[in-house]
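Containing compact mmCIF, N, CA and C atoms and all ligand atoms: model34.txt.
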```txt
# COMPACT_ATOMS: atom_id res chain seq x y z
N MET L 1 48.97 24.64 13.60
CA MET L 1 47.71 23.92 13.53
C MET L 1 46.88 24.43 12.35
N THR L 2 47.50 24.64 11.22
CA THR L 2 46.75 25.10 10.06
C THR L 2 46.31 23.93 9.19
N ASN L 3 46.73 22.70 9.58
CA ASN L 3 46.36 21.52 8.79
C ASN L 3 44.90 21.10 9.00
N GLN L 4 44.30 21.57 10.10
CA GLN L 4 42.94 21.15 10.41
C GLN L 4 41.96 21.60 9.33
N LYS L 5 41.07 20.68 9.00
CA LYS L 5 40.02 20.97 8.01
C LYS L 5 39.01 21.90 8.65
N PRO L 6 38.61 22.94 7.98
CA PRO L 6 37.61 23.82 8.58
C PRO L 6 36.29 23.09 8.77
N ILE L 7 35.65 23.36 9.88
CA ILE L 7 34.37 22.72 10.17
C ILE L 7 33.31 23.36 9.29
N LYS L 8 32.61 22.51 8.57
CA LYS L 8 31.56 23.02 7.68
C LYS L 8 30.22 22.95 8.40
N LEU L 9 29.50 24.02 8.29
CA LEU L 9 28.18 24.05 8.91
C LEU L 9 27.21 23.24 8.05
N PRO L 10 26.21 22.63 8.66
CA PRO L 10 25.25 21.86 7.88
C PRO L 10 24.54 22.74 6.86
N VAL L 11 24.29 22.14 5.71
CA VAL L 11 23.64 22.87 4.62
C VAL L 11 22.14 22.95 4.89
N ALA L 12 21.62 24.16 4.79
CA ALA L 12 20.20 24.34 5.09
C ALA L 12 19.33 23.82 3.96
N GLU L 13 19.76 24.04 2.72
CA GLU L 13 18.92 23.63 1.58
C GLU L 13 19.02 22.12 1.37
N PRO L 14 18.03 21.55 0.69
CA PRO L 14 18.08 20.11 0.46
C PRO L 14 19.24 19.73 -0.45
N HIS L 15 19.67 18.47 -0.34
CA HIS L 15 20.79 18.00 -1.16
C HIS L 15 20.40 17.95 -2.62
N LEU L 16 21.44 17.91 -3.45
CA LEU L 16 21.22 17.90 -4.91
C LEU L 16 20.77 16.51 -5.35
N SER L 17 19.85 16.47 -6.29
CA SER L 17 19.37 15.18 -6.79
C SER L 17 20.39 14.62 -7.77
N VAL L 18 20.30 13.32 -7.99
CA VAL L 18 21.20 12.66 -8.92
C VAL L 18 21.03 13.23 -10.32
N ASP L 19 19.76 13.49 -10.67
CA ASP L 19 19.50 14.06 -12.00
C ASP L 19 20.18 15.42 -12.17
N LYS L 20 20.06 16.23 -11.10
CA LYS L 20 20.67 17.56 -11.14
C LYS L 20 22.18 17.45 -11.29
N LEU L 21 22.76 16.48 -10.53
CA LEU L 21 24.22 16.30 -10.60
C LEU L 21 24.65 15.84 -11.99
N TYR L 22 23.85 14.96 -12.63
CA TYR L 22 24.17 14.52 -13.99
C TYR L 22 24.07 15.67 -14.98
N GLN L 23 23.01 16.48 -14.79
CA GLN L 23 22.86 17.65 -15.68
C GLN L 23 24.07 18.57 -15.54
N TYR L 24 24.54 18.70 -14.29
CA TYR L 24 25.72 19.55 -14.05
C TYR L 24 26.94 18.95 -14.73
N LEU L 25 27.11 17.63 -14.56
CA LEU L 25 28.28 16.96 -15.14
C LEU L 25 28.29 17.08 -16.66
N LYS L 26 27.09 17.00 -17.26
CA LYS L 26 27.01 17.04 -18.73
C LYS L 26 26.94 18.47 -19.27
N GLY L 27 26.97 19.43 -18.34
CA GLY L 27 26.96 20.82 -18.77
C GLY L 27 25.63 21.26 -19.35
N LYS L 28 24.55 20.67 -18.87
CA LYS L 28 23.23 20.99 -19.43
C LYS L 28 22.50 22.07 -18.64
N LEU L 29 23.15 22.62 -17.62
CA LEU L 29 22.48 23.61 -16.76
C LEU L 29 22.85 25.02 -17.19
N SER L 30 21.97 25.95 -16.85
CA SER L 30 22.28 27.36 -17.13
C SER L 30 23.41 27.81 -16.21
N ALA L 31 24.00 28.92 -16.52
CA ALA L 31 25.12 29.43 -15.72
C ALA L 31 24.70 29.68 -14.28
N THR L 32 23.47 30.19 -14.12
CA THR L 32 22.98 30.49 -12.76
C THR L 32 22.79 29.19 -11.98
N ALA L 33 22.16 28.19 -12.62
CA ALA L 33 21.92 26.91 -11.94
C ALA L 33 23.23 26.23 -11.60
N ALA L 34 24.19 26.27 -12.54
CA ALA L 34 25.50 25.67 -12.31
C ALA L 34 26.20 26.36 -11.16
N ASN L 35 26.04 27.66 -11.09
CA ASN L 35 26.66 28.45 -10.01
C ASN L 35 26.07 28.04 -8.64
N GLN L 36 24.73 27.86 -8.62
CA GLN L 36 24.08 27.43 -7.36
C GLN L 36 24.58 26.06 -6.92
N ILE L 37 24.76 25.17 -7.91
CA ILE L 37 25.24 23.83 -7.58
C ILE L 37 26.67 23.89 -7.06
N GLU L 38 27.49 24.71 -7.68
CA GLU L 38 28.87 24.84 -7.22
C GLU L 38 28.93 25.40 -5.79
N GLN L 39 28.03 26.33 -5.50
CA GLN L 39 27.98 26.87 -4.13
C GLN L 39 27.60 25.78 -3.14
N HIS L 40 26.62 24.97 -3.53
CA HIS L 40 26.19 23.88 -2.65
C HIS L 40 27.34 22.89 -2.45
N LEU L 41 28.04 22.58 -3.54
CA LEU L 41 29.13 21.60 -3.46
C LEU L 41 30.26 22.09 -2.56
N GLN L 42 30.45 23.40 -2.49
CA GLN L 42 31.51 23.93 -1.61
C GLN L 42 31.15 23.71 -0.14
N ASP L 43 29.87 23.73 0.16
CA ASP L 43 29.44 23.61 1.56
C ASP L 43 29.09 22.18 1.95
N CYS L 44 28.84 21.31 0.97
CA CYS L 44 28.29 19.99 1.27
C CYS L 44 29.24 18.89 0.79
N ASP L 45 29.87 18.20 1.75
CA ASP L 45 30.77 17.10 1.41
C ASP L 45 30.02 15.94 0.77
N LEU L 46 28.81 15.71 1.24
CA LEU L 46 28.02 14.57 0.75
C LEU L 46 27.77 14.68 -0.76
N CYS L 47 27.30 15.86 -1.17
CA CYS L 47 27.00 16.06 -2.59
C CYS L 47 28.29 16.11 -3.41
N ALA L 48 29.36 16.64 -2.82
CA ALA L 48 30.64 16.68 -3.53
C ALA L 48 31.14 15.26 -3.78
N ASP L 49 31.01 14.40 -2.77
CA ASP L 49 31.41 12.99 -2.94
C ASP L 49 30.51 12.30 -3.96
N ALA L 50 29.20 12.60 -3.90
CA ALA L 50 28.27 11.99 -4.85
C ALA L 50 28.64 12.39 -6.27
N LEU L 51 28.96 13.66 -6.46
CA LEU L 51 29.33 14.14 -7.80
C LEU L 51 30.60 13.44 -8.29
N GLU L 52 31.56 13.25 -7.38
CA GLU L 52 32.80 12.58 -7.75
C GLU L 52 32.50 11.14 -8.17
N GLY L 53 31.63 10.47 -7.39
CA GLY L 53 31.26 9.09 -7.72
C GLY L 53 30.53 9.01 -9.05
N LEU L 54 29.62 9.95 -9.29
CA LEU L 54 28.86 9.95 -10.54
C LEU L 54 29.76 10.19 -11.74
N SER L 55 30.81 10.97 -11.52
CA SER L 55 31.71 11.27 -12.64
C SER L 55 32.57 10.05 -12.99
N LEU L 56 32.72 9.10 -12.04
CA LEU L 56 33.57 7.93 -12.27
C LEU L 56 32.80 6.79 -12.92
N ALA L 57 31.49 6.67 -12.60
CA ALA L 57 30.71 5.55 -13.11
C ALA L 57 29.80 6.02 -14.24
N SER L 58 29.36 5.04 -15.03
CA SER L 58 28.42 5.38 -16.11
C SER L 58 27.04 5.60 -15.51
N GLN L 59 26.20 6.33 -16.22
CA GLN L 59 24.89 6.68 -15.70
C GLN L 59 24.03 5.42 -15.51
N SER L 60 24.13 4.46 -16.44
CA SER L 60 23.30 3.26 -16.34
C SER L 60 23.73 2.42 -15.12
N ASP L 61 25.04 2.33 -14.91
CA ASP L 61 25.52 1.59 -13.74
C ASP L 61 25.02 2.25 -12.45
N THR L 62 25.10 3.57 -12.43
CA THR L 62 24.67 4.30 -11.24
C THR L 62 23.18 4.11 -10.99
N GLU L 63 22.38 4.20 -12.06
CA GLU L 63 20.93 4.02 -11.89
C GLU L 63 20.61 2.62 -11.41
N LEU L 64 21.33 1.62 -11.92
CA LEU L 64 21.14 0.24 -11.47
C LEU L 64 21.50 0.12 -9.99
N ALA L 65 22.64 0.71 -9.63
CA ALA L 65 23.08 0.65 -8.23
C ALA L 65 22.08 1.36 -7.32
N LEU L 66 21.57 2.50 -7.79
CA LEU L 66 20.58 3.24 -7.00
C LEU L 66 19.30 2.41 -6.81
N PHE L 67 18.91 1.73 -7.89
CA PHE L 67 17.72 0.87 -7.81
C PHE L 67 17.93 -0.22 -6.75
N ASP L 68 19.12 -0.84 -6.78
CA ASP L 68 19.42 -1.88 -5.79
C ASP L 68 19.42 -1.33 -4.37
N ILE L 69 20.03 -0.15 -4.21
CA ILE L 69 20.11 0.45 -2.87
C ILE L 69 18.71 0.77 -2.36
N ASN L 70 17.89 1.36 -3.24
CA ASN L 70 16.53 1.72 -2.82
C ASN L 70 15.73 0.47 -2.44
N ARG L 71 15.91 -0.59 -3.25
CA ARG L 71 15.21 -1.85 -2.95
C ARG L 71 15.68 -2.40 -1.60
N TYR L 72 17.01 -2.34 -1.35
CA TYR L 72 17.57 -2.84 -0.10
C TYR L 72 17.03 -2.04 1.09
N VAL L 73 17.00 -0.72 0.94
CA VAL L 73 16.51 0.14 2.03
C VAL L 73 15.04 -0.16 2.31
N LYS L 74 14.25 -0.33 1.22
CA LYS L 74 12.82 -0.63 1.38
C LYS L 74 12.63 -1.95 2.13
N LYS L 75 13.43 -2.96 1.71
CA LYS L 75 13.36 -4.28 2.36
C LYS L 75 13.70 -4.15 3.84
N LYS L 76 14.76 -3.39 4.12
CA LYS L 76 15.19 -3.20 5.52
C LYS L 76 14.10 -2.52 6.35
N SER L 77 13.47 -1.52 5.73
CA SER L 77 12.45 -0.80 6.49
C SER L 77 11.24 -1.69 6.74
N ILE L 78 10.93 -2.60 5.81
CA ILE L 78 9.82 -3.55 6.02
C ILE L 78 10.19 -4.49 7.17
N LEU L 79 11.45 -4.97 7.18
CA LEU L 79 11.90 -5.86 8.26
C LEU L 79 11.82 -5.14 9.60
N LYS L 80 12.18 -3.86 9.59
CA LYS L 80 12.14 -3.09 10.83
C LYS L 80 10.71 -3.00 11.35
N LYS L 81 9.75 -2.84 10.41
CA LYS L 81 8.35 -2.79 10.82
C LYS L 81 7.95 -4.11 11.47
N ASP L 82 8.46 -5.24 10.89
CA ASP L 82 8.16 -6.54 11.49
C ASP L 82 8.69 -6.61 12.91
N HIS L 83 9.91 -6.09 13.11
CA HIS L 83 10.48 -6.11 14.46
C HIS L 83 9.64 -5.28 15.40
N ALA L 84 9.08 -4.18 14.89
CA ALA L 84 8.23 -3.34 15.73
C ALA L 84 7.00 -4.12 16.17
N ILE L 85 6.44 -4.91 15.24
CA ILE L 85 5.27 -5.72 15.58
C ILE L 85 5.66 -6.76 16.63
N LEU L 86 6.83 -7.39 16.43
CA LEU L 86 7.28 -8.39 17.40
C LEU L 86 7.45 -7.76 18.77
N ARG L 87 7.99 -6.55 18.80
CA ARG L 87 8.20 -5.87 20.07
C ARG L 87 6.86 -5.60 20.73
N ASP L 88 5.88 -5.22 19.90
CA ASP L 88 4.54 -4.98 20.44
C ASP L 88 3.97 -6.27 21.03
N ILE L 89 4.21 -7.38 20.34
CA ILE L 89 3.69 -8.66 20.84
C ILE L 89 4.34 -8.96 22.19
N LYS L 90 5.64 -8.70 22.30
CA LYS L 90 6.32 -8.91 23.59
C LYS L 90 5.67 -8.06 24.66
N ASN L 91 5.37 -6.81 24.33
CA ASN L 91 4.71 -5.93 25.30
C ASN L 91 3.34 -6.47 25.67
N TRP L 92 2.62 -7.00 24.67
CA TRP L 92 1.30 -7.56 24.96
C TRP L 92 1.43 -8.75 25.89
N GLY L 93 2.49 -9.56 25.70
CA GLY L 93 2.72 -10.69 26.59
C GLY L 93 2.93 -10.23 28.02
N LEU L 94 3.70 -9.17 28.17
CA LEU L 94 3.95 -8.63 29.50
C LEU L 94 2.65 -8.14 30.13
N ILE L 95 1.84 -7.44 29.33
CA ILE L 95 0.56 -6.93 29.83
C ILE L 95 -0.34 -8.10 30.24
N ALA L 96 -0.34 -9.15 29.41
CA ALA L 96 -1.17 -10.32 29.72
C ALA L 96 -0.70 -10.97 31.02
N ALA L 97 0.61 -11.05 31.23
CA ALA L 97 1.14 -11.64 32.45
C ALA L 97 0.73 -10.82 33.67
N ILE L 98 0.80 -9.51 33.57
CA ILE L 98 0.41 -8.63 34.68
C ILE L 98 -1.08 -8.79 34.97
N LEU L 99 -1.89 -8.84 33.91
CA LEU L 99 -3.35 -9.02 34.10
C LEU L 99 -3.62 -10.36 34.77
N PHE L 100 -2.91 -11.40 34.33
CA PHE L 100 -3.10 -12.72 34.92
C PHE L 100 -2.78 -12.68 36.40
N LEU L 101 -1.66 -12.04 36.77
CA LEU L 101 -1.27 -11.94 38.18
C LEU L 101 -2.32 -11.18 38.99
N LEU L 102 -2.82 -10.09 38.42
CA LEU L 102 -3.85 -9.30 39.11
C LEU L 102 -5.11 -10.12 39.35
N ILE L 103 -5.56 -10.82 38.30
CA ILE L 103 -6.78 -11.63 38.42
C ILE L 103 -6.54 -12.76 39.42
N PHE L 104 -5.38 -13.39 39.33
CA PHE L 104 -5.06 -14.50 40.23
C PHE L 104 -5.06 -14.03 41.69
N SER L 105 -4.40 -12.88 41.95
CA SER L 105 -4.36 -12.39 43.33
C SER L 105 -5.76 -11.96 43.80
N ALA L 106 -6.57 -11.43 42.87
CA ALA L 106 -7.94 -11.06 43.23
C ALA L 106 -8.73 -12.30 43.62
N VAL L 107 -8.55 -13.37 42.88
CA VAL L 107 -9.26 -14.63 43.20
C VAL L 107 -8.80 -15.15 44.54
N VAL L 108 -7.50 -15.10 44.81
CA VAL L 108 -6.96 -15.59 46.09
C VAL L 108 -7.54 -14.76 47.24
N VAL L 109 -7.56 -13.44 47.10
CA VAL L 109 -8.10 -12.56 48.14
C VAL L 109 -9.58 -12.86 48.36
N TRP L 110 -10.32 -13.01 47.27
CA TRP L 110 -11.76 -13.29 47.35
C TRP L 110 -11.99 -14.63 48.07
N TYR L 111 -11.15 -15.63 47.73
CA TYR L 111 -11.28 -16.95 48.33
C TYR L 111 -11.00 -16.87 49.83
N GLN L 112 -9.93 -16.12 50.18
CA GLN L 112 -9.57 -15.98 51.60
C GLN L 112 -10.69 -15.28 52.37
N ALA L 113 -11.25 -14.24 51.79
CA ALA L 113 -12.33 -13.50 52.44
C ALA L 113 -13.53 -14.41 52.66
N ASN L 114 -13.86 -15.23 51.69
CA ASN L 114 -14.99 -16.15 51.83
C ASN L 114 -14.72 -17.19 52.90
N GLN L 115 -13.49 -17.67 52.99
CA GLN L 115 -13.13 -18.68 54.00
C GLN L 115 -13.34 -18.10 55.40
N THR L 116 -12.88 -16.86 55.65
CA THR L 116 -13.01 -16.27 56.98
C THR L 116 -14.47 -16.01 57.30
N LYS L 117 -15.27 -15.69 56.30
CA LYS L 117 -16.70 -15.45 56.52
C LYS L 117 -17.37 -16.74 57.00
N ILE L 118 -17.02 -17.86 56.39
CA ILE L 118 -17.60 -19.15 56.80
C ILE L 118 -17.18 -19.49 58.22
N ASN L 119 -15.90 -19.22 58.56
CA ASN L 119 -15.39 -19.55 59.89
C ASN L 119 -16.06 -18.71 60.97
N THR L 120 -16.40 -17.45 60.69
CA THR L 120 -16.95 -16.57 61.72
C THR L 120 -18.45 -16.77 61.91
N THR L 121 -19.11 -17.34 60.94
CA THR L 121 -20.55 -17.54 61.10
C THR L 121 -20.80 -18.66 62.11
N GLN L 122 -22.02 -18.75 62.58
CA GLN L 122 -22.38 -19.75 63.59
C GLN L 122 -22.05 -21.14 63.06
N PRO L 123 -21.67 -21.99 64.01
CA PRO L 123 -21.37 -23.34 63.55
C PRO L 123 -22.62 -23.99 62.96
N ALA L 124 -22.39 -24.69 61.94
CA ALA L 124 -23.53 -25.30 61.27
C ALA L 124 -24.14 -26.37 62.17
N PRO L 125 -25.45 -26.52 62.16
CA PRO L 125 -26.07 -27.56 62.97
C PRO L 125 -25.62 -28.93 62.50
N PRO L 126 -25.58 -29.84 63.42
CA PRO L 126 -25.12 -31.18 63.01
C PRO L 126 -25.98 -31.70 61.87
N THR L 127 -25.29 -32.26 60.97
CA THR L 127 -26.01 -32.72 59.78
C THR L 127 -26.82 -33.98 60.10
N GLU L 128 -26.35 -34.69 61.11
CA GLU L 128 -27.06 -35.95 61.45
C GLU L 128 -28.34 -35.59 62.23
N THR L 129 -29.44 -35.82 61.66
CA THR L 129 -30.70 -35.49 62.35
C THR L 129 -31.32 -36.78 62.87
N ARG L 130 -31.72 -36.65 64.11
CA ARG L 130 -32.32 -37.84 64.71
C ARG L 130 -33.80 -37.90 64.34
N ALA L 131 -34.25 -39.09 64.19
CA ALA L 131 -35.68 -39.27 63.94
C ALA L 131 -36.43 -39.03 65.26
N PRO L 132 -37.53 -38.36 65.21
CA PRO L 132 -38.26 -38.11 66.45
C PRO L 132 -38.61 -39.43 67.17
N LEU L 133 -38.48 -39.34 68.48
CA LEU L 133 -38.73 -40.56 69.26
C LEU L 133 -40.16 -41.05 69.05
N GLN L 134 -40.23 -42.27 68.80
CA GLN L 134 -41.56 -42.86 68.60
C GLN L 134 -42.06 -43.33 69.97
N VAL L 135 -42.96 -42.57 70.52
CA VAL L 135 -43.52 -42.97 71.82
C VAL L 135 -44.65 -43.99 71.56
N PRO L 136 -44.46 -45.14 72.10
CA PRO L 136 -45.52 -46.14 71.84
C PRO L 136 -46.85 -45.69 72.43
N THR L 137 -47.84 -45.80 71.63
CA THR L 137 -49.17 -45.39 72.10
C THR L 137 -49.68 -46.40 73.11
N PRO L 138 -50.16 -45.87 74.26
CA PRO L 138 -50.61 -46.83 75.28
C PRO L 138 -51.84 -47.61 74.81
N ILE L 139 -51.81 -48.87 75.17
CA ILE L 139 -52.90 -49.74 74.77
C ILE L 139 -54.05 -49.55 75.76
N PRO L 140 -55.21 -49.21 75.31
CA PRO L 140 -56.31 -48.98 76.26
C PRO L 140 -56.74 -50.27 76.98
N ILE L 141 -56.94 -50.15 78.25
CA ILE L 141 -57.31 -51.33 79.07
C ILE L 141 -58.85 -51.40 79.11
N LYS L 142 -59.34 -52.58 78.83
CA LYS L 142 -60.79 -52.73 78.84
C LYS L 142 -61.23 -53.33 80.16
ZN ZN X 201 24.24 18.38 -0.32
```
Just give me the structure as structure tokens.
Ligand SMILES: [Zn+2]
Amino acid sequence: MTNQKPIKLPVAEPHLSVDKLYQYLKGKLSATAANQIEQHLQDCDLCADALEGLSLASQSDTELALFDINRYVKKKSILKKDHAILRDIKNWGLIAAILFLLIFSAVVVWYQANQTKINTTQPAPPTETRAPLQVPTPIPIK
């Protein structure tokens, strides 16, 4: 089982920038800086792959591709923000529905309570009121 690739621990320091990798490729770095980059490349597959890719393509092509990628990522992140707003609107709809149910049930309870109050109070007097009896005044006898 010696074929297994050794597990590399995550690199603590930040990844190498494209500019730094180009400087390394063109041999523009000091011996110390180049040594630091080589140490990072031994521990970091991501930067090693990036360096390999940079060595295959021209710098202008890479910068153009990077510009496109950054623009794409920015666009995606803006779309994601839109989805977050939509999700919030959905949540607001749910909150509105719950509030509506609460208010509706409160109105129903209030209505029921008022109905029972009317039923328990004394029966209302008959609305039909009789006119007082007109007693004919006796005619005085002379
Ligand atoms: Zn790295």
**Asked** Within 7 Å of ligand ZN 201 (chain X), counting all atoms listed in the file: which residues, as an MDAnalysis selection string?
**Response** chainID L and resid 11 13:16 40:41 43:48
**atom CA of Gly53 of chain L to atom CA of Ala65 of chain L, distance in Å rounded to a single decimal** =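 Atom CA of Gly53 of chain L sits 11.8 Å away from atom CA of Ala65 of chain L.
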**Prompt:** Quick one, how far is atom N of Phe104 of chain L from atom C of Trp92 of chain L?
**Reply:**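 For atom N of Phe104 of chain L relative to atom C of Trp92 of chain L, the distance reads 15.8 Å.
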**Asked** Which value, in Å to one decimal, gives the distance between atom CA of Lys90 of chain L and atom CA of Val73 of chain L?
**Response**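 Spanning atom CA of Lys90 of chain L to atom CA of Val73 of chain L is a straight-line distance of 25.5 Å.
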**Request:** List every residue of segment 18-130 of chain L that DSSP, applied to the backbone, labels as helix (DSSP H, G or I), and write the result as JSON, numbers by chain.
**Result:** {"L": [18, 19, 20, 21, 22, 23, 24, 25, 31, 32, 33, 34, 35, 36, 37, 38, 39, 40, 41, 42, 43, 45, 46, 47, 48, 49, 50, 51, 52, 53, 54, 55, 56, 59, 60, 61, 62, 63, 64, 65, 66, 67, 68, 69, 70, 71, 72, 73, 74, 75, 76, 77, 78, 79, 80, 81, 82, 83, 84, 85, 86, 87, 88, 89, 90, 91, 92, 93, 94, 95, 96, 97, 98, 99, 100, 101, 102, 103, 104, 105, 106, 107, 108, 109, 110, 111, 112, 113, 114, 115, 116, 117, 118, 119, 120]}
